[in-house]
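Written below as structure tokens is the structure these notes are about.
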Amino acid sequence: MMTHLVMGFATNISEASLRVFSKSLRAVYSPSECDLVIITNRFESFFVDIAKSGVRFAPTSNNYNSKTGNVSKAINRSVLHALRMLRKSLTNVAPEIAESYPALIENWHHPHFVRWFAYERFLTLNRHYDQVMLSDVKDVVFQAPFFANHEKVCLCDQGLVYGETYWDTEWYRSAFGQENLNKVLGKSPLCIGTMMGPHASVLGIVRELCAEFAERPFNRIEQAVFNHLLLNNQVKTPYQILPNITGPIVTLCSDDIASEFHVNDGVICRNVDKSIAPVIHMYDRFHPMHDEVKQRWMKS
């Protein structure tokens, strides 16, 4: 039987969030059923304890810091822009220089973009997995089995609409302008924080995202870019969309959606039928839901 994989990118993340993520997954899938890989940029002492439950840590060279000074930002952007423009012409005459561009992006860019380059590297080298889930770490808890025999990448609807949801609307406007935003008003943005599917298909969409982020690396939010590609039919990897609330991955991205759930002894359940939602994303935005989930997994 082939093994599944859950992988997340976690730089500068709290111990509590990482423990909830890893311990809750291990309560659902054993190490023989599912590998858990956390890509991170530095060792923390509590990793030793977490690793005992079958968590594998993989390195990233990313050194992004919110306190990085203007001089460093100016230099790294200048270098990245220059190399981006030159890399096609360097491919034949100096391929080793051209190939360093993704590595420099991973070193210097924001983790939201960097993680895709790290995912691509790991999935390219490790192709023995059946189903793969890529997930945010700081705000995801696992509660029940969620892998299925998916033939396509599964992307997650949020139950939101452009023009009504504030942040997704503003991100899209900022990245692509009001004229392009007008074309998608009333359509639903998908969440880039969680996705799953067969290994080859997940690797395929990861490579498409890496290509786009490498071509235009700055001044946009990744979720806006992701949805722009989808809404303009530029994603070639076949995919399907999972519904929010009733699907295996629930994204608590609004008060209305969160109101469809309640917490029972640290477990988040649907109100309508009391069923357990297999994966909960963004649980940390709602109290006492956040506190009860943390309490359950930090004491167990």
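Residue numbering restarts at 1 in every chain; chains get A, B, ... in the order shown in the structure tokens, and ligands count up from 1 in that same order.
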
Residues of segment 23-159 of chain A in strand (DSSP E or B), written as a PyMOL selection string: chain A and resi 34-40+55-59+129-135+140-142+153-157

Once you have the residues from the selection above, write them out as an mmCIF file, in the first residue's frame, restricted to N, CA and C atoms.
```cif
data_model
loop_
_atom_site.group_PDB
_atom_site.id
_atom_site.type_symbol
_atom_site.label_atom_id
_atom_site.label_comp_id
_atom_site.auth_asym_id
_atom_site.auth_seq_id
_atom_site.Cartn_x
_atom_site.Cartn_y
_atom_site.Cartn_z
ATOM 1 N N CYS A 34 0.624 7.631 6.606
ATOM 2 C CA CYS A 34 0.800 8.986 6.093
ATOM 3 C C CYS A 34 2.069 9.612 6.656
ATOM 4 N N ASP A 35 2.946 10.069 5.789
ATOM 5 C CA ASP A 35 4.108 10.839 6.216
ATOM 6 C C ASP A 35 3.681 12.276 6.513
ATOM 7 N N LEU A 36 4.328 12.875 7.485
ATOM 8 C CA LEU A 36 4.116 14.279 7.803
ATOM 9 C C LEU A 36 5.456 14.995 7.694
ATOM 10 N N VAL A 37 5.534 15.946 6.762
ATOM 11 C CA VAL A 37 6.775 16.684 6.514
ATOM 12 C C VAL A 37 6.534 18.160 6.790
ATOM 13 N N ILE A 38 7.358 18.736 7.646
ATOM 14 C CA ILE A 38 7.314 20.157 7.947
ATOM 15 C C ILE A 38 8.594 20.789 7.403
ATOM 16 N N ILE A 39 8.438 21.719 6.492
ATOM 17 C CA ILE A 39 9.590 22.433 5.944
ATOM 18 C C ILE A 39 9.803 23.685 6.774
ATOM 19 N N THR A 40 11.004 23.854 7.301
ATOM 20 C CA THR A 40 11.261 24.960 8.216
ATOM 21 C C THR A 40 12.691 25.462 8.049
ATOM 22 N N VAL A 55 7.140 12.828 12.780
ATOM 23 C CA VAL A 55 7.186 14.055 11.992
ATOM 24 C C VAL A 55 8.592 14.212 11.429
ATOM 25 N N ARG A 56 8.666 14.478 10.147
ATOM 26 C CA ARG A 56 9.951 14.682 9.485
ATOM 27 C C ARG A 56 10.126 16.164 9.183
ATOM 28 N N PHE A 57 11.281 16.706 9.529
ATOM 29 C CA PHE A 57 11.577 18.107 9.246
ATOM 30 C C PHE A 57 12.524 18.203 8.056
ATOM 31 N N ALA A 58 12.191 19.089 7.113
ATOM 32 C CA ALA A 58 13.015 19.310 5.930
ATOM 33 C C ALA A 58 13.425 20.773 5.895
ATOM 34 N N PRO A 59 14.618 21.080 5.391
ATOM 35 C CA PRO A 59 15.117 22.455 5.471
ATOM 36 C C PRO A 59 14.676 23.349 4.316
ATOM 37 N N TYR A 129 4.623 8.799 -3.190
ATOM 38 C CA TYR A 129 3.381 9.005 -2.458
ATOM 39 C C TYR A 129 2.156 8.811 -3.346
ATOM 40 N N ASP A 130 1.076 8.390 -2.724
ATOM 41 C CA ASP A 130 -0.197 8.257 -3.412
ATOM 42 C C ASP A 130 -0.893 9.617 -3.400
ATOM 43 N N GLN A 131 -1.672 9.902 -2.352
ATOM 44 C CA GLN A 131 -2.347 11.188 -2.217
ATOM 45 C C GLN A 131 -1.488 12.140 -1.374
ATOM 46 N N VAL A 132 -1.528 13.419 -1.748
ATOM 47 C CA VAL A 132 -0.722 14.440 -1.083
ATOM 48 C C VAL A 132 -1.623 15.596 -0.669
ATOM 49 N N MET A 133 -1.425 16.089 0.547
ATOM 50 C CA MET A 133 -2.092 17.311 0.974
ATOM 51 C C MET A 133 -1.050 18.359 1.311
ATOM 52 N N LEU A 134 -1.213 19.564 0.761
ATOM 53 C CA LEU A 134 -0.393 20.717 1.110
ATOM 54 C C LEU A 134 -1.246 21.623 1.980
ATOM 55 N N SER A 135 -0.697 22.048 3.109
ATOM 56 C CA SER A 135 -1.547 22.719 4.087
ATOM 57 C C SER A 135 -0.819 23.831 4.831
ATOM 58 N N VAL A 140 -4.523 25.013 11.160
ATOM 59 C CA VAL A 140 -5.197 23.807 10.661
ATOM 60 C C VAL A 140 -5.177 22.732 11.735
ATOM 61 N N VAL A 141 -6.336 22.089 11.937
ATOM 62 C CA VAL A 141 -6.442 20.949 12.840
ATOM 63 C C VAL A 141 -7.137 19.813 12.101
ATOM 64 N N PHE A 142 -6.638 18.600 12.304
ATOM 65 C CA PHE A 142 -7.203 17.405 11.665
ATOM 66 C C PHE A 142 -8.087 16.675 12.669
ATOM 67 N N VAL A 153 -6.468 17.237 -8.617
ATOM 68 C CA VAL A 153 -6.200 18.114 -7.486
ATOM 69 C C VAL A 153 -7.517 18.672 -6.967
ATOM 70 N N CYS A 154 -7.700 18.628 -5.654
ATOM 71 C CA CYS A 154 -8.904 19.160 -5.017
ATOM 72 C C CYS A 154 -8.582 20.530 -4.422
ATOM 73 N N LEU A 155 -9.264 21.563 -4.910
ATOM 74 C CA LEU A 155 -9.114 22.921 -4.415
ATOM 75 C C LEU A 155 -10.342 23.290 -3.593
ATOM 76 N N CYS A 156 -10.173 24.205 -2.662
ATOM 77 C CA CYS A 156 -11.210 24.439 -1.655
ATOM 78 C C CYS A 156 -11.939 25.757 -1.844
ATOM 79 N N ASP A 157 -13.251 25.656 -2.036
ATOM 80 C CA ASP A 157 -14.100 26.837 -2.070
ATOM 81 C C ASP A 157 -14.188 27.431 -0.665
#
```

Mind checking which residues fall within 9 Å of segment 186-202 of chain A, counting only C-alpha atoms, ignoring those fewer than 5 positions away in the same chain, and posting them as an MDAnalysis selection string? chainID A and resid 4:6 123 127:136 147:164 168:169 207 222:224 226:227 230:231 237:239 241 249 251 281

Residues near Tyr64 of chain A, anyone? I mean within 12 Å using only C-alpha atoms, not counting same-chain ones fewer than 2 positions away, as number ranges by chain. A: 11-12, 40-41, 60-62, 66-69, 72-73, 76, 104-115

Requested write-out: N, CA and C atoms of the selected residues, as a PDB file, in the first residue's frame:
```pdb
ATOM      1  N   THR A  11       7.816  28.562   9.017  1.00  0.00           N
ATOM      2  CA  THR A  11       8.921  29.373   9.529  1.00  0.00           C
ATOM      3  C   THR A  11       8.356  30.345  10.552  1.00  0.00           C
ATOM      4  N   ASN A  12       9.063  30.499  11.661  1.00  0.00           N
ATOM      5  CA  ASN A  12       8.659  31.444  12.710  1.00  0.00           C
ATOM      6  C   ASN A  12       7.251  31.157  13.236  1.00  0.00           C
ATOM      7  N   THR A  40      11.004  23.854   7.301  1.00  0.00           N
ATOM      8  CA  THR A  40      11.261  24.960   8.216  1.00  0.00           C
ATOM      9  C   THR A  40      12.691  25.462   8.049  1.00  0.00           C
ATOM     10  N   ASN A  41      12.983  26.619   8.665  1.00  0.00           N
ATOM     11  CA  ASN A  41      14.286  27.245   8.442  1.00  0.00           C
ATOM     12  C   ASN A  41      15.221  27.182   9.638  1.00  0.00           C
ATOM     13  N   THR A  60      14.570  24.632   4.625  1.00  0.00           N
ATOM     14  CA  THR A  60      14.475  25.673   3.614  1.00  0.00           C
ATOM     15  C   THR A  60      15.531  26.722   3.936  1.00  0.00           C
ATOM     16  N   SER A  61      16.063  27.348   2.921  1.00  0.00           N
ATOM     17  CA  SER A  61      17.076  28.389   3.123  1.00  0.00           C
ATOM     18  C   SER A  61      16.451  29.757   3.356  1.00  0.00           C
ATOM     19  N   ASN A  62      15.143  29.836   3.405  1.00  0.00           N
ATOM     20  CA  ASN A  62      14.462  31.116   3.537  1.00  0.00           C
ATOM     21  C   ASN A  62      14.871  31.855   4.811  1.00  0.00           C
ATOM     22  N   SER A  66      10.303  40.038   8.910  1.00  0.00           N
ATOM     23  CA  SER A  66       9.505  41.262   8.795  1.00  0.00           C
ATOM     24  C   SER A  66      10.295  42.501   9.195  1.00  0.00           C
ATOM     25  N   LYS A  67      11.432  42.303   9.880  1.00  0.00           N
ATOM     26  CA  LYS A  67      12.249  43.431  10.302  1.00  0.00           C
ATOM     27  C   LYS A  67      13.408  43.722   9.345  1.00  0.00           C
ATOM     28  N   THR A  68      13.445  43.030   8.207  1.00  0.00           N
ATOM     29  CA  THR A  68      14.499  43.255   7.224  1.00  0.00           C
ATOM     30  C   THR A  68      14.511  44.730   6.806  1.00  0.00           C
ATOM     31  N   GLY A  69      15.715  45.322   6.789  1.00  0.00           N
ATOM     32  CA  GLY A  69      15.840  46.744   6.493  1.00  0.00           C
ATOM     33  C   GLY A  69      15.664  47.080   5.025  1.00  0.00           C
ATOM     34  N   SER A  72      18.610  46.007   2.600  1.00  0.00           N
ATOM     35  CA  SER A  72      18.573  44.599   2.207  1.00  0.00           C
ATOM     36  C   SER A  72      17.461  44.341   1.184  1.00  0.00           C
ATOM     37  N   LYS A  73      16.299  44.955   1.408  1.00  0.00           N
ATOM     38  CA  LYS A  73      15.189  44.769   0.483  1.00  0.00           C
ATOM     39  C   LYS A  73      15.535  45.309  -0.902  1.00  0.00           C
ATOM     40  N   ASN A  76      18.146  42.855  -2.546  1.00  0.00           N
ATOM     41  CA  ASN A  76      17.643  41.547  -2.987  1.00  0.00           C
ATOM     42  C   ASN A  76      16.654  41.696  -4.134  1.00  0.00           C
ATOM     43  N   LEU A 104      17.384  31.738  -5.068  1.00  0.00           N
ATOM     44  CA  LEU A 104      17.461  33.069  -4.475  1.00  0.00           C
ATOM     45  C   LEU A 104      16.077  33.571  -4.057  1.00  0.00           C
ATOM     46  N   ILE A 105      15.049  33.230  -4.849  1.00  0.00           N
ATOM     47  CA  ILE A 105      13.691  33.569  -4.425  1.00  0.00           C
ATOM     48  C   ILE A 105      13.380  32.893  -3.092  1.00  0.00           C
ATOM     49  N   GLU A 106      13.744  31.622  -2.987  1.00  0.00           N
ATOM     50  CA  GLU A 106      13.468  30.898  -1.743  1.00  0.00           C
ATOM     51  C   GLU A 106      14.230  31.501  -0.573  1.00  0.00           C
ATOM     52  N   ASN A 107      15.424  32.017  -0.814  1.00  0.00           N
ATOM     53  CA  ASN A 107      16.191  32.650   0.257  1.00  0.00           C
ATOM     54  C   ASN A 107      15.526  33.905   0.786  1.00  0.00           C
ATOM     55  N   TRP A 108      15.029  34.745  -0.121  1.00  0.00           N
ATOM     56  CA  TRP A 108      14.717  36.126   0.247  1.00  0.00           C
ATOM     57  C   TRP A 108      13.243  36.493   0.273  1.00  0.00           C
ATOM     58  N   HIS A 109      12.407  35.751  -0.392  1.00  0.00           N
ATOM     59  CA  HIS A 109      11.027  36.197  -0.557  1.00  0.00           C
ATOM     60  C   HIS A 109      10.169  35.824   0.651  1.00  0.00           C
ATOM     61  N   HIS A 110       8.926  36.319   0.638  1.00  0.00           N
ATOM     62  CA  HIS A 110       7.977  36.047   1.708  1.00  0.00           C
ATOM     63  C   HIS A 110       7.618  34.558   1.716  1.00  0.00           C
ATOM     64  N   PRO A 111       7.449  33.956   2.904  1.00  0.00           N
ATOM     65  CA  PRO A 111       7.143  32.517   2.984  1.00  0.00           C
ATOM     66  C   PRO A 111       5.931  32.077   2.184  1.00  0.00           C
ATOM     67  N   HIS A 112       4.928  32.941   2.008  1.00  0.00           N
ATOM     68  CA  HIS A 112       3.750  32.544   1.238  1.00  0.00           C
ATOM     69  C   HIS A 112       4.104  32.174  -0.198  1.00  0.00           C
ATOM     70  N   PHE A 113       5.116  32.825  -0.764  1.00  0.00           N
ATOM     71  CA  PHE A 113       5.570  32.486  -2.107  1.00  0.00           C
ATOM     72  C   PHE A 113       6.649  31.403  -2.071  1.00  0.00           C
ATOM     73  N   VAL A 114       7.525  31.520  -1.103  1.00  0.00           N
ATOM     74  CA  VAL A 114       8.671  30.609  -0.998  1.00  0.00           C
ATOM     75  C   VAL A 114       8.242  29.155  -0.855  1.00  0.00           C
ATOM     76  N   ARG A 115       7.169  28.905  -0.111  1.00  0.00           N
ATOM     77  CA  ARG A 115       6.783  27.529   0.183  1.00  0.00           C
ATOM     78  C   ARG A 115       6.565  26.701  -1.079  1.00  0.00           C
TER      79      ARG A 115
END
```

Could you tell me, as a count of residues only, which residues of segment 62-298 of chain A DSSP assigns to alpha helix (DSSP H) when given the backbone? 111

Residues near Leu252 of chain A, cut-off 8 Å, only C-alpha atoms, skip fewer than 4 positions along chain, as an MDAnalysis selection string: chainID A and resid 158 257:258 280:283 285

Restricting the output to C-alpha atoms, write the selected residues as a short mmCIF file (atom, residue, chain, number, x, y, z; two decimals), in the first residue's frame.
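Ended up saving to selection27.cif:
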```
data_model
loop_
_atom_site.label_atom_id
_atom_site.label_comp_id
_atom_site.auth_asym_id
_atom_site.auth_seq_id
_atom_site.Cartn_x
_atom_site.Cartn_y
_atom_site.Cartn_z
CA GLN A 158 -14.48 29.41 0.70
CA ILE A 257 -19.44 30.12 8.00
CA ALA A 258 -18.11 29.71 11.55
CA ILE A 280 -10.63 22.62 9.85
CA HIS A 281 -8.72 25.61 8.46
CA MET A 282 -8.65 29.01 10.21
CA TYR A 283 -10.03 27.72 13.52
CA ARG A 285 -9.83 33.18 14.31
#
```

Polymer residues at most 8 Å from segment 213-215 of chain A, only C-alpha atoms, same-chain spacing of 2 or more positions, as a ChimeraX atom specification: /A:84,102,105,113,209-211,217
